[in-house]
Structures are given as C-alpha cells and as structure tokens.
$ cat start.tsv   # TSV, C-alpha atoms and all ligand atoms
chain	number	residue	atom	x	y	z
I	1316	MET	CA	0.13	-43.65	-23.05
I	1317	SER	CA	2.97	-41.63	-21.67
I	1318	ASP	CA	5.44	-41.55	-18.84
I	1319	LEU	CA	6.78	-38.76	-16.67
I	1320	SER	CA	9.97	-38.26	-18.68
I	1321	ALA	CA	7.86	-36.99	-21.60
I	1322	LEU	CA	6.81	-33.93	-19.58
I	1323	ASP	CA	8.45	-30.52	-19.88
I	1324	ARG	CA	9.10	-29.71	-16.21
I	1325	THR	CA	9.42	-26.01	-16.99
I	1326	LYS	CA	5.88	-25.80	-18.41
I	1327	LEU	CA	3.73	-27.59	-15.87
I	1328	PRO	CA	0.27	-26.21	-15.11
I	1329	GLN	CA	-0.03	-25.04	-11.51
I	1330	HIS	CA	-3.69	-25.91	-11.33
I	1331	ILE	CA	-5.65	-28.64	-13.11
I	1332	ALA	CA	-9.44	-28.83	-12.89
I	1333	ILE	CA	-11.24	-32.02	-13.83
I	1334	ILE	CA	-14.84	-32.91	-14.61
I	1335	MET	CA	-14.89	-36.56	-13.59
I	1336	ASP	CA	-17.57	-37.87	-15.95
I	1337	GLY	CA	-18.71	-41.25	-17.23
I	1338	ASN	CA	-18.98	-43.36	-14.08
I	1339	GLY	CA	-22.52	-44.44	-14.93
I	1340	ARG	CA	-21.76	-45.35	-18.55
I	1341	TRP	CA	-18.62	-47.21	-17.50
I	1342	ALA	CA	-20.73	-49.37	-15.16
I	1343	LYS	CA	-23.54	-49.87	-17.69
I	1344	GLU	CA	-20.99	-51.10	-20.25
I	1345	ARG	CA	-20.15	-53.80	-17.71
I	1346	ASN	CA	-23.83	-54.59	-17.03
I	1347	GLN	CA	-23.45	-53.20	-13.54
I	1348	ASP	CA	-25.38	-50.68	-11.51
I	1349	ARG	CA	-24.28	-47.05	-11.93
I	1350	LEU	CA	-23.04	-47.07	-8.35
I	1351	TYR	CA	-20.33	-49.55	-9.27
I	1352	GLY	CA	-18.94	-46.84	-11.57
I	1353	HIS	CA	-18.88	-44.33	-8.72
I	1354	TYR	CA	-17.03	-46.79	-6.46
I	1355	GLU	CA	-14.44	-47.46	-9.15
I	1356	GLY	CA	-14.18	-43.72	-9.75
I	1357	VAL	CA	-12.67	-43.39	-6.28
I	1358	VAL	CA	-9.75	-45.55	-7.43
I	1359	SER	CA	-9.09	-43.04	-10.20
I	1360	VAL	CA	-9.27	-40.14	-7.74
I	1361	ARG	CA	-6.60	-41.78	-5.59
I	1362	ASP	CA	-4.38	-42.45	-8.61
I	1363	ILE	CA	-4.72	-38.92	-9.99
I	1364	VAL	CA	-4.08	-37.22	-6.64
I	1365	ASN	CA	-0.91	-39.30	-6.24
I	1366	ALA	CA	0.12	-38.57	-9.83
I	1367	CYS	CA	-0.30	-34.83	-9.24
I	1368	GLY	CA	2.00	-35.10	-6.24
I	1369	GLU	CA	4.55	-36.99	-8.25
I	1370	ILE	CA	4.41	-34.63	-11.23
I	1371	GLY	CA	4.40	-31.47	-9.10
I	1372	ILE	CA	0.90	-30.13	-9.77
I	1373	GLN	CA	0.06	-27.80	-6.88
I	1374	TYR	CA	-3.71	-27.49	-7.21
I	1375	LEU	CA	-6.19	-30.13	-8.32
I	1376	THR	CA	-9.90	-29.30	-8.40
I	1377	LEU	CA	-12.29	-32.21	-8.87
I	1378	TYR	CA	-15.96	-31.77	-9.75
I	1379	ALA	CA	-17.46	-34.40	-7.47
I	1380	PHE	CA	-21.10	-33.32	-7.20
I	1381	SER	CA	-22.87	-30.46	-8.94
I	1382	THR	CA	-25.87	-28.41	-7.83
I	1383	GLU	CA	-27.75	-30.08	-10.68
I	1384	ASN	CA	-26.77	-33.56	-9.46
I	1385	TRP	CA	-29.28	-33.12	-6.60
I	1386	ASN	CA	-31.90	-33.83	-9.27
I	1387	ARG	CA	-30.70	-37.43	-9.71
I	1388	PRO	CA	-32.74	-40.30	-8.21
I	1389	LYS	CA	-32.64	-40.16	-4.42
I	1390	ALA	CA	-31.03	-43.60	-4.17
I	1391	GLU	CA	-28.07	-42.45	-6.29
I	1392	VAL	CA	-27.70	-39.17	-4.39
I	1393	ASP	CA	-27.78	-41.00	-1.05
I	1394	ALA	CA	-25.22	-43.54	-2.26
I	1395	LEU	CA	-22.91	-40.77	-3.47
I	1396	MET	CA	-23.10	-38.98	-0.11
I	1397	GLU	CA	-22.38	-42.24	1.70
I	1398	LEU	CA	-19.48	-42.94	-0.65
I	1399	LEU	CA	-18.08	-39.50	0.14
I	1400	VAL	CA	-18.22	-40.12	3.89
I	1401	ASN	CA	-16.71	-43.61	3.64
I	1402	THR	CA	-13.98	-42.46	1.27
I	1403	LEU	CA	-13.00	-39.56	3.50
I	1404	ARG	CA	-12.80	-41.85	6.52
I	1405	LYS	CA	-10.72	-44.38	4.63
I	1406	GLU	CA	-8.40	-42.01	2.79
I	1407	VAL	CA	-7.71	-39.13	5.16
I	1408	ASP	CA	-4.68	-40.72	6.82
I	1409	GLU	CA	-3.11	-41.52	3.47
I	1410	LEU	CA	-3.83	-38.01	2.18
I	1411	HIS	CA	-2.24	-36.56	5.30
I	1412	LYS	CA	0.80	-38.83	5.02
I	1413	ASN	CA	1.22	-37.68	1.43
I	1414	ASN	CA	1.14	-34.01	2.50
I	1415	VAL	CA	-2.13	-33.40	0.63
I	1416	ARG	CA	-4.37	-30.61	1.89
I	1417	LEU	CA	-8.11	-30.88	1.38
I	1418	HIS	CA	-10.33	-27.92	0.50
I	1419	VAL	CA	-13.99	-27.74	-0.45
I	1420	ILE	CA	-15.86	-25.36	-2.74
I	1421	GLY	CA	-19.64	-25.34	-3.01
I	1422	ALA	CA	-22.77	-24.86	-0.95
I	1423	MET	CA	-21.62	-26.77	2.13
I	1424	ALA	CA	-24.81	-25.93	4.04
I	1425	THR	CA	-26.80	-28.02	1.55
I	1426	MET	CA	-24.70	-31.13	2.16
I	1427	PRO	CA	-25.91	-33.73	4.69
I	1428	PRO	CA	-24.55	-32.91	8.19
I	1429	ILE	CA	-22.49	-36.12	8.32
I	1430	CYS	CA	-20.72	-35.10	5.08
I	1431	GLN	CA	-20.07	-31.62	6.44
I	1432	LYS	CA	-18.59	-33.14	9.59
I	1433	GLU	CA	-16.28	-35.57	7.77
I	1434	LEU	CA	-15.18	-32.88	5.33
I	1435	GLN	CA	-14.42	-30.44	8.16
I	1436	GLU	CA	-12.43	-33.08	10.01
I	1437	ALA	CA	-10.43	-33.98	6.92
I	1438	MET	CA	-9.77	-30.30	6.23
I	1439	ASP	CA	-8.65	-29.74	9.83
I	1440	ILE	CA	-6.35	-32.77	9.84
I	1441	THR	CA	-4.69	-31.77	6.56
I	1442	ALA	CA	-4.73	-28.00	7.17
I	1443	GLY	CA	-0.96	-27.67	7.53
I	1444	ASN	CA	-0.04	-29.70	4.45
I	1445	THR	CA	1.91	-28.07	1.68
I	1446	GLY	CA	1.78	-30.69	-1.09
I	1447	VAL	CA	-1.09	-31.07	-3.53
I	1448	GLN	CA	-3.97	-28.76	-2.67
I	1449	LEU	CA	-6.96	-31.00	-3.41
I	1450	ILE	CA	-10.12	-28.99	-3.94
I	1451	LEU	CA	-13.41	-30.90	-4.03
I	1452	ALA	CA	-16.31	-29.17	-5.75
I	1453	LEU	CA	-19.38	-30.41	-3.89
I	1454	SER	CA	-22.90	-29.12	-4.31
I	1455	TYR	CA	-21.11	-26.65	-6.54
I	1456	SER	CA	-22.18	-24.76	-9.59
I	1457	SER	CA	-20.63	-21.73	-11.12
I	1458	ARG	CA	-23.81	-19.70	-11.45
I	1459	TRP	CA	-24.53	-20.30	-7.77
I	1460	GLU	CA	-20.98	-19.19	-6.91
I	1461	ILE	CA	-21.14	-16.03	-9.04
I	1462	ILE	CA	-24.55	-15.06	-7.66
I	1463	GLU	CA	-23.32	-15.64	-4.07
I	1464	ALA	CA	-20.25	-13.51	-4.78
I	1465	THR	CA	-22.46	-10.76	-6.18
I	1466	LYS	CA	-24.67	-10.83	-3.08
I	1467	LYS	CA	-21.66	-10.63	-0.76
I	1468	PHE	CA	-20.13	-7.75	-2.67
I	1469	SER	CA	-23.48	-5.94	-2.73
I	1470	GLN	CA	-23.76	-6.38	1.04
I	1471	ASP	CA	-20.28	-4.91	1.46
I	1472	VAL	CA	-21.37	-1.91	-0.61
I	1473	VAL	CA	-24.45	-1.48	1.59
I	1474	ASP	CA	-22.20	-1.76	4.68
I	1475	GLY	CA	-19.87	0.89	3.28
I	1476	LYS	CA	-16.85	-1.42	2.93
I	1477	HIS	CA	-16.64	-0.90	-0.84
I	1478	LYS	CA	-17.89	1.47	-3.50
I	1479	ILE	CA	-19.50	0.05	-6.64
I	1480	GLU	CA	-16.74	1.60	-8.72
I	1481	ASP	CA	-14.11	-0.38	-6.73
I	1482	LEU	CA	-15.27	-3.59	-8.40
I	1483	ASN	CA	-12.80	-5.08	-10.83
I	1484	ASP	CA	-11.58	-8.58	-11.70
I	1485	ALA	CA	-9.13	-8.76	-8.80
I	1486	LEU	CA	-11.70	-7.66	-6.22
I	1487	PHE	CA	-14.50	-9.84	-7.60
I	1488	THR	CA	-12.20	-12.87	-7.44
I	1489	THR	CA	-11.90	-12.39	-3.67
I	1490	TYR	CA	-15.64	-13.09	-3.34
I	1491	LEU	CA	-15.46	-16.41	-5.21
I	1492	GLU	CA	-15.18	-19.83	-3.55
I	1493	THR	CA	-11.80	-20.17	-5.27
I	1494	LYS	CA	-10.38	-16.94	-3.79
I	1495	ASN	CA	-7.32	-18.75	-2.41
I	1496	PHE	CA	-6.44	-20.59	-5.61
I	1497	PRO	CA	-5.03	-19.49	-8.97
I	1498	ASP	CA	-7.17	-20.08	-12.07
I	1499	PRO	CA	-6.72	-23.52	-13.63
I	1500	GLU	CA	-4.46	-23.48	-16.69
I	1501	LEU	CA	-5.90	-26.82	-17.80
I	1502	MET	CA	-9.41	-28.25	-17.56
I	1503	ILE	CA	-9.95	-31.91	-18.37
I	1504	ARG	CA	-13.33	-33.57	-18.96
I	1505	THR	CA	-13.54	-37.32	-19.32
I	1506	SER	CA	-16.10	-39.47	-21.11
I	1507	GLY	CA	-16.57	-37.61	-24.37
I	1508	GLU	CA	-18.97	-34.83	-23.33
I	1509	TYR	CA	-18.04	-31.46	-24.78
I	1510	ARG	CA	-19.56	-29.12	-22.24
I	1511	ILE	CA	-18.68	-27.27	-19.05
I	1512	SER	CA	-21.79	-28.19	-16.99
I	1513	ASN	CA	-21.73	-25.09	-14.78
I	1514	TYR	CA	-18.12	-25.63	-13.66
I	1515	LEU	CA	-15.76	-22.74	-12.81
I	1516	LEU	CA	-17.20	-20.52	-15.55
I	1517	TYR	CA	-15.37	-17.44	-14.27
I	1518	GLN	CA	-12.08	-19.21	-13.53
I	1519	LEU	CA	-11.89	-21.08	-16.84
I	1520	ALA	CA	-11.89	-17.85	-18.86
I	1521	TYR	CA	-8.44	-18.59	-20.31
I	1522	SER	CA	-7.95	-22.25	-19.41
I	1523	GLU	CA	-6.90	-24.76	-22.03
I	1524	LEU	CA	-9.66	-27.36	-22.42
I	1525	TYR	CA	-8.92	-31.05	-22.94
I	1526	PHE	CA	-11.58	-33.64	-23.65
I	1527	THR	CA	-11.04	-37.38	-23.70
I	1528	GLU	CA	-13.34	-40.29	-24.50
I	1529	VAL	CA	-11.93	-42.25	-21.54
I	1530	HIS	CA	-14.52	-42.79	-18.80
I	1531	TRP	CA	-13.47	-41.54	-15.37
I	1532	PRO	CA	-13.07	-45.02	-13.75
I	1533	ASP	CA	-10.49	-45.83	-16.46
I	1534	PHE	CA	-8.62	-42.52	-16.17
I	1535	ARG	CA	-5.15	-43.02	-14.71
I	1536	LYS	CA	-1.74	-41.32	-14.45
I	1537	PRO	CA	-0.76	-42.02	-18.09
I	1538	HIS	CA	-3.96	-40.30	-19.28
I	1539	LEU	CA	-3.18	-37.32	-17.06
I	1540	ILE	CA	0.34	-37.12	-18.46
I	1541	GLU	CA	-1.09	-37.31	-21.98
I	1542	ALA	CA	-3.39	-34.38	-21.18
I	1543	ILE	CA	-0.50	-32.33	-19.76
I	1544	ILE	CA	1.67	-33.07	-22.80
I	1545	ASN	CA	-1.20	-31.91	-25.02
I	1546	TYR	CA	-1.47	-28.74	-22.89
I	1547	GLN	CA	2.26	-28.13	-23.22
I	1548	GLN	CA	1.93	-28.13	-26.99
I	1549	ARG	CA	-0.65	-25.34	-26.97
I	1550	GLU	CA	0.26	-21.71	-27.56
I	1551	ARG	CA	-1.45	-19.61	-24.90
I	1552	ARG	CA	-2.00	-16.23	-26.52
I	1553	PHE	CA	-4.26	-14.32	-24.11
I	1554	GLY	CA	-5.52	-12.15	-26.97
I	1555	LYS	CA	-2.11	-11.42	-28.44
I	1556	THR	CA	-0.83	-12.63	-31.83
I	1557	SER	CA	1.32	-15.67	-32.27
I	1558	ASP	CA	4.24	-13.45	-33.38
I	1559	GLN	CA	4.01	-11.42	-30.18
I	1560	ILE	CA	4.11	-14.59	-28.08
I	1561	GLN	CA	7.10	-16.00	-29.95
I	1562	THR	CA	9.13	-12.78	-29.72
I	1563	ASN	CA	8.05	-12.18	-26.12
I	1564	GLN	CA	6.43	-8.78	-26.71
M	1601	LIG	C1	-19.78	-38.55	-12.99
M	1601	LIG	O1	-20.26	-39.67	-13.64
M	1601	LIG	C2	-20.00	-38.59	-11.50
M	1601	LIG	C3	-21.01	-37.63	-11.01
M	1601	LIG	C4	-21.64	-36.73	-11.73
M	1601	LIG	C5	-21.32	-37.68	-9.60
M	1601	LIG	P1	-21.78	-39.74	-14.08
M	1601	LIG	O2	-22.57	-40.31	-12.95
M	1601	LIG	O3	-22.25	-38.45	-14.61
M	1601	LIG	O4	-21.70	-40.81	-15.26
M	1601	LIG	P2	-22.49	-40.77	-16.64
M	1601	LIG	O5	-22.23	-39.44	-17.28
M	1601	LIG	O6	-23.94	-40.96	-16.31
M	1601	LIG	O7	-21.93	-41.89	-17.44
M	1602	LIG	C1	-20.89	-32.90	-14.17
M	1602	LIG	O1	-21.21	-34.17	-14.66
M	1602	LIG	C2	-20.83	-32.92	-12.68
M	1602	LIG	C3	-19.80	-33.79	-12.09
M	1602	LIG	C4	-18.88	-34.43	-12.74
M	1602	LIG	C5	-19.84	-33.88	-10.67
M	1602	LIG	P1	-22.70	-34.53	-15.09
M	1602	LIG	O2	-22.63	-35.88	-15.70
M	1602	LIG	O3	-23.64	-34.32	-13.99
M	1602	LIG	O4	-22.96	-33.42	-16.22
M	1602	LIG	P2	-24.15	-33.27	-17.27
M	1602	LIG	O5	-25.39	-33.08	-16.50
M	1602	LIG	O6	-24.18	-34.52	-18.09
M	1602	LIG	O7	-23.77	-32.09	-18.09
M	1603	MG	MG	-22.26	-37.60	-16.45
$ encode --input "start.tsv" --output "structure tokens" --more "lines below"
Ligand code: IPE
Ligand code: IPE
Ligand code: MG
Amino acid sequence: MSDLSALDRTKLPQHIAIIMDGNGRWAKERNQDRLYGHYEGVVSVRDIVNACGEIGIQYLTLYAFSTENWNRPKAEVDALMELLVNTLRKEVDELHKNNVRLHVIGAMATMPPICQKELQEAMDITAGNTGVQLILALSYSSRWEIIEATKKFSQDVVDGKHKIEDLNDALFTTYLETKNFPDPELMIRTSGEYRISNYLLYQLAYSELYFTEVHWPDFRKPHLIEAIINYQQRERRFGKTSDQIQTNQ
C-alpha cells in the first residue's frame, strides 16, 4: 500500500486504461450473487476517478462492458444496463462538481435507448470540464473499432477524400473511437487474468501492462498508486537499447 508522496510527479502517465475485472468472483467469494460485485464495483470506480483527479491523471479509460459481454445471461446484462443508468443519474452532479468530463467509446447504437439518453445527458452536462477525462468503454471491442475505422477510411477513399497511399499511423488514428485521446501509457487489469480481452489493441501497442490479483471491488487509490509506482520503475525503450535511453540518444 502506498501514498501519494511516493509518486514521482515528473513521471506521471497522462492516460491510464483499466480492465475492471473480478466483480463476479468477488461476490461469489462472499456467497453473494454476481450482481453484488457489480454494485460494489461502482464504489471502486468513484474512488479511482477521484484518485486520478487528486494525482493529476488526465485521461482514465474504463472497460465497463465489452462486445462479448452481450453473450452473458440476459438477467446479468439487463442488471448491468440498469446499474449504468442509475449510476449516471446518481453520480453526474458529483462528476460535474469535480470537473470530470465524461466520454464514451463503443457501439453506442447497440446500447439500450435509455442508456444512450443518460450517457448523452451526462456528456452534455460535463462537456466543458477540464479535469479528469473519464472515458467509458461500453459495448466496445477493439476488433469492432478497427474494422469500423477501416470501413470509414475506405468510404473516404471511395468519396475521394483520401488516397490509399495517404494512410499511415497518424491518419488511421483519426478514424478510431479514441481519436481525441493520447494512447494509454499504463494499462491495469485486476483480478489475476493475464489477457487483453479485445481492449484497445491498437492503442496499447507500447503501453506498460500491470496485472494485479486484487478483484475490482477491492481496488482503491492505494492500489492505483502502487500500479503507478511500478510503472515509474519501468524503462520505456520503444525499440531502442537501454544505453540509448540512459544517454538520451
Ligand atoms: C468485470 O467483472 C465486470 C464486467 C465484465 C462487466 P466480471 O463480471 O467479469 O467478474 P468475473 O471475471 O466473472 O469475476
Ligand atoms: C473484460 O472482462 C471486459 C470488461 C471488464 C468490461 P471479461 O471478464 O468480460 O473478460 P474475459 O471474457 O474473461 O476475457
Ligand atoms: Mg471477468
């Protein structure tokens, strides 16, 4: 466990992406229904958003519901959608007061209309906020995003707006859901699963990955600080040698 003073303020990640995993197992360990884990997970979301504000993290992307999660039992999917609506209604004033701006990435059209409405309202209310940029990945998967981007670029080629040979990393990025955000420097996954689960595959190309056994409903500010301290101890080489990095070449 760690406190804020242990952080190197000059080496903070700008953008942290999290796979919030383990809600179901956390609840099962307590002989409770999986939904109880999702409800408690909201407490962690609140704590981590506040912690990011306090630490000075500008972008926080949370994987809240994947494309694949639609395959869960209907009762769980329905409960998650209801939880989203209720949480937005309950939290939007506090988010706004804390200067947090809400964004969404994912296939919004596939979300229930009531979720779309609440999300749009929360995004409108917080649109002018300049603190933590909170990005919720909902009905999101990376392969979906990349395929959508490819379709949009292809259409622009057909419409004469671009030539195929114009396509490079910078241009492709403008077709992604995350076009307005920098790539995450740090990706955290809770609950001891060592996989990416179709999350930000393009954007995580050079992210530092951090895995913890802690289930999401137990994940709090000290765990986040621990993850950032771990990140700060890494040497990010981007293909270069360690010597090059140390002598700034
Ligand atoms: C993460 O917790 C929340 C969502 C995917 C919506 P899980 O529900 O995946 O919890 P486990 O992995 O079954 O424990
Ligand atoms: C990934 O968690 C999606 C979210 C956290 C929303 P899952 O628990 O659904 O991932 P898998 O299916 O076990 O890889
Ligand atoms: Mg899971």
$ closest_residue --input "start.tsv" --among "I:Asp1362, I:Glu1508, I:Glu1460, I:Asp1474" --to "ligand LIG 1602 (chain M)" --atoms "all atoms listed in the file"
I:Glu1508
$ axis_aligned_box --input "start.tsv" --around "region 1334-1340 of chain I" --padding-each-side "4 Å" --output "AutoDock Vina command-line options"
--center_x -18.7 --center_y -39.1 --center_z -16.1 --size_x 15.7 --size_y 20.4 --size_z 13.0
$ residues_around --input "start.tsv" --residues "region 1341-1352 of chain I" --least-positions-apart "5" --cutoff "8 Å" --atoms "only C-alpha atoms" --output "list in words"
Glu1391, Ala1394, Leu1395, His1530, Trp1531 and Pro1532 of chain I
$ residues_near_ligand --input "start.tsv" --ligand "ligand LIG 1601 (chain M)" --cutoff "6 Å" --atoms "only C-alpha atoms and all ligand atoms" --output "NGL selection string"
:I and (1335-1340 or 1379-1380)
$ atom_distance --input "start.tsv" --atom1 "CA of Val1407 (chain I)" --atom2 "CA of Tyr1490 (chain I)"
28.5 Å
$ decode --input "start.tsv" --residues "region 1370-1403 of chain I" --atoms "N, CA and C atoms" --output "PDB file, in the first residue's frame"
ATOM      1  N   ILE I1370      -4.276  12.826  -8.144  1.00  0.00           N
ATOM      2  CA  ILE I1370      -2.902  12.543  -8.579  1.00  0.00           C
ATOM      3  C   ILE I1370      -2.518  13.430  -9.769  1.00  0.00           C
ATOM      4  N   GLY I1371      -3.509  13.733 -10.614  1.00  0.00           N
ATOM      5  CA  GLY I1371      -3.219  14.535 -11.808  1.00  0.00           C
ATOM      6  C   GLY I1371      -3.150  13.693 -13.075  1.00  0.00           C
ATOM      7  N   ILE I1372      -3.914  12.594 -13.091  1.00  0.00           N
ATOM      8  CA  ILE I1372      -4.026  11.778 -14.307  1.00  0.00           C
ATOM      9  C   ILE I1372      -5.092  12.432 -15.184  1.00  0.00           C
ATOM     10  N   GLN I1373      -4.752  12.711 -16.438  1.00  0.00           N
ATOM     11  CA  GLN I1373      -5.691  13.470 -17.287  1.00  0.00           C
ATOM     12  C   GLN I1373      -6.760  12.613 -17.949  1.00  0.00           C
ATOM     13  N   TYR I1374      -6.378  11.399 -18.336  1.00  0.00           N
ATOM     14  CA  TYR I1374      -7.314  10.523 -19.044  1.00  0.00           C
ATOM     15  C   TYR I1374      -7.411   9.177 -18.328  1.00  0.00           C
ATOM     16  N   LEU I1375      -8.633   8.743 -18.102  1.00  0.00           N
ATOM     17  CA  LEU I1375      -8.865   7.435 -17.485  1.00  0.00           C
ATOM     18  C   LEU I1375      -9.892   6.699 -18.345  1.00  0.00           C
ATOM     19  N   THR I1376      -9.482   5.586 -18.936  1.00  0.00           N
ATOM     20  CA  THR I1376     -10.441   4.796 -19.725  1.00  0.00           C
ATOM     21  C   THR I1376     -10.784   3.531 -18.961  1.00  0.00           C
ATOM     22  N   LEU I1377     -12.060   3.297 -18.768  1.00  0.00           N
ATOM     23  CA  LEU I1377     -12.529   2.130 -18.018  1.00  0.00           C
ATOM     24  C   LEU I1377     -13.310   1.203 -18.940  1.00  0.00           C
ATOM     25  N   TYR I1378     -12.917  -0.063 -18.954  1.00  0.00           N
ATOM     26  CA  TYR I1378     -13.644  -1.072 -19.742  1.00  0.00           C
ATOM     27  C   TYR I1378     -14.841  -1.503 -18.898  1.00  0.00           C
ATOM     28  N   ALA I1379     -16.007  -1.022 -19.266  1.00  0.00           N
ATOM     29  CA  ALA I1379     -17.194  -1.261 -18.446  1.00  0.00           C
ATOM     30  C   ALA I1379     -18.074  -2.375 -19.010  1.00  0.00           C
ATOM     31  N   PHE I1380     -18.053  -2.537 -20.349  1.00  0.00           N
ATOM     32  CA  PHE I1380     -18.894  -3.576 -20.958  1.00  0.00           C
ATOM     33  C   PHE I1380     -18.359  -3.854 -22.360  1.00  0.00           C
ATOM     34  N   SER I1381     -17.971  -5.099 -22.595  1.00  0.00           N
ATOM     35  CA  SER I1381     -17.375  -5.428 -23.892  1.00  0.00           C
ATOM     36  C   SER I1381     -18.434  -5.941 -24.864  1.00  0.00           C
ATOM     37  N   THR I1382     -18.084  -5.935 -26.144  1.00  0.00           N
ATOM     38  CA  THR I1382     -18.962  -6.528 -27.159  1.00  0.00           C
ATOM     39  C   THR I1382     -19.314  -7.958 -26.758  1.00  0.00           C
ATOM     40  N   GLU I1383     -18.313  -8.671 -26.263  1.00  0.00           N
ATOM     41  CA  GLU I1383     -18.511 -10.083 -25.887  1.00  0.00           C
ATOM     42  C   GLU I1383     -19.410 -10.226 -24.659  1.00  0.00           C
ATOM     43  N   ASN I1384     -19.470  -9.192 -23.824  1.00  0.00           N
ATOM     44  CA  ASN I1384     -20.307  -9.277 -22.621  1.00  0.00           C
ATOM     45  C   ASN I1384     -21.803  -9.380 -22.952  1.00  0.00           C
ATOM     46  N   TRP I1385     -22.187  -9.052 -24.200  1.00  0.00           N
ATOM     47  CA  TRP I1385     -23.590  -9.235 -24.595  1.00  0.00           C
ATOM     48  C   TRP I1385     -23.983 -10.714 -24.532  1.00  0.00           C
ATOM     49  N   ASN I1386     -22.984 -11.590 -24.551  1.00  0.00           N
ATOM     50  CA  ASN I1386     -23.273 -13.032 -24.508  1.00  0.00           C
ATOM     51  C   ASN I1386     -23.528 -13.553 -23.094  1.00  0.00           C
ATOM     52  N   ARG I1387     -23.471 -12.697 -22.104  1.00  0.00           N
ATOM     53  CA  ARG I1387     -23.769 -13.144 -20.730  1.00  0.00           C
ATOM     54  C   ARG I1387     -25.277 -13.381 -20.575  1.00  0.00           C
ATOM     55  N   PRO I1388     -25.685 -14.080 -19.495  1.00  0.00           N
ATOM     56  CA  PRO I1388     -27.124 -14.292 -19.288  1.00  0.00           C
ATOM     57  C   PRO I1388     -27.875 -12.965 -19.328  1.00  0.00           C
ATOM     58  N   LYS I1389     -29.067 -12.991 -19.913  1.00  0.00           N
ATOM     59  CA  LYS I1389     -29.839 -11.765 -20.105  1.00  0.00           C
ATOM     60  C   LYS I1389     -30.053 -11.019 -18.788  1.00  0.00           C
ATOM     61  N   ALA I1390     -30.301 -11.753 -17.720  1.00  0.00           N
ATOM     62  CA  ALA I1390     -30.568 -11.105 -16.429  1.00  0.00           C
ATOM     63  C   ALA I1390     -29.362 -10.266 -15.981  1.00  0.00           C
ATOM     64  N   GLU I1391     -28.150 -10.789 -16.231  1.00  0.00           N
ATOM     65  CA  GLU I1391     -26.953 -10.032 -15.830  1.00  0.00           C
ATOM     66  C   GLU I1391     -26.766  -8.808 -16.739  1.00  0.00           C
ATOM     67  N   VAL I1392     -26.977  -8.998 -18.035  1.00  0.00           N
ATOM     68  CA  VAL I1392     -26.846  -7.872 -18.976  1.00  0.00           C
ATOM     69  C   VAL I1392     -27.844  -6.769 -18.608  1.00  0.00           C
ATOM     70  N   ASP I1393     -29.086  -7.171 -18.375  1.00  0.00           N
ATOM     71  CA  ASP I1393     -30.117  -6.180 -18.018  1.00  0.00           C
ATOM     72  C   ASP I1393     -29.745  -5.439 -16.741  1.00  0.00           C
ATOM     73  N   ALA I1394     -29.257  -6.181 -15.761  1.00  0.00           N
ATOM     74  CA  ALA I1394     -28.891  -5.557 -14.477  1.00  0.00           C
ATOM     75  C   ALA I1394     -27.726  -4.588 -14.660  1.00  0.00           C
ATOM     76  N   LEU I1395     -26.778  -4.951 -15.525  1.00  0.00           N
ATOM     77  CA  LEU I1395     -25.635  -4.053 -15.769  1.00  0.00           C
ATOM     78  C   LEU I1395     -26.089  -2.762 -16.451  1.00  0.00           C
ATOM     79  N   MET I1396     -27.024  -2.884 -17.386  1.00  0.00           N
ATOM     80  CA  MET I1396     -27.528  -1.690 -18.086  1.00  0.00           C
ATOM     81  C   MET I1396     -28.294  -0.789 -17.103  1.00  0.00           C
ATOM     82  N   GLU I1397     -29.058  -1.423 -16.240  1.00  0.00           N
ATOM     83  CA  GLU I1397     -29.809  -0.660 -15.239  1.00  0.00           C
ATOM     84  C   GLU I1397     -28.848   0.023 -14.256  1.00  0.00           C
ATOM     85  N   LEU I1398     -27.817  -0.711 -13.881  1.00  0.00           N
ATOM     86  CA  LEU I1398     -26.808  -0.146 -12.974  1.00  0.00           C
ATOM     87  C   LEU I1398     -26.135   1.069 -13.612  1.00  0.00           C
ATOM     88  N   LEU I1399     -25.880   0.975 -14.911  1.00  0.00           N
ATOM     89  CA  LEU I1399     -25.261   2.095 -15.619  1.00  0.00           C
ATOM     90  C   LEU I1399     -26.160   3.329 -15.552  1.00  0.00           C
ATOM     91  N   VAL I1400     -27.430   3.140 -15.850  1.00  0.00           N
ATOM     92  CA  VAL I1400     -28.378   4.261 -15.850  1.00  0.00           C
ATOM     93  C   VAL I1400     -28.480   4.869 -14.445  1.00  0.00           C
ATOM     94  N   ASN I1401     -28.667   4.012 -13.441  1.00  0.00           N
ATOM     95  CA  ASN I1401     -28.810   4.516 -12.070  1.00  0.00           C
ATOM     96  C   ASN I1401     -27.549   5.220 -11.590  1.00  0.00           C
ATOM     97  N   THR I1402     -26.406   4.662 -11.956  1.00  0.00           N
ATOM     98  CA  THR I1402     -25.128   5.261 -11.520  1.00  0.00           C
ATOM     99  C   THR I1402     -24.935   6.628 -12.167  1.00  0.00           C
ATOM    100  N   LEU I1403     -25.251   6.714 -13.457  1.00  0.00           N
ATOM    101  CA  LEU I1403     -25.102   8.007 -14.138  1.00  0.00           C
ATOM    102  C   LEU I1403     -25.990   9.054 -13.473  1.00  0.00           C
TER     103      LEU I1403
END
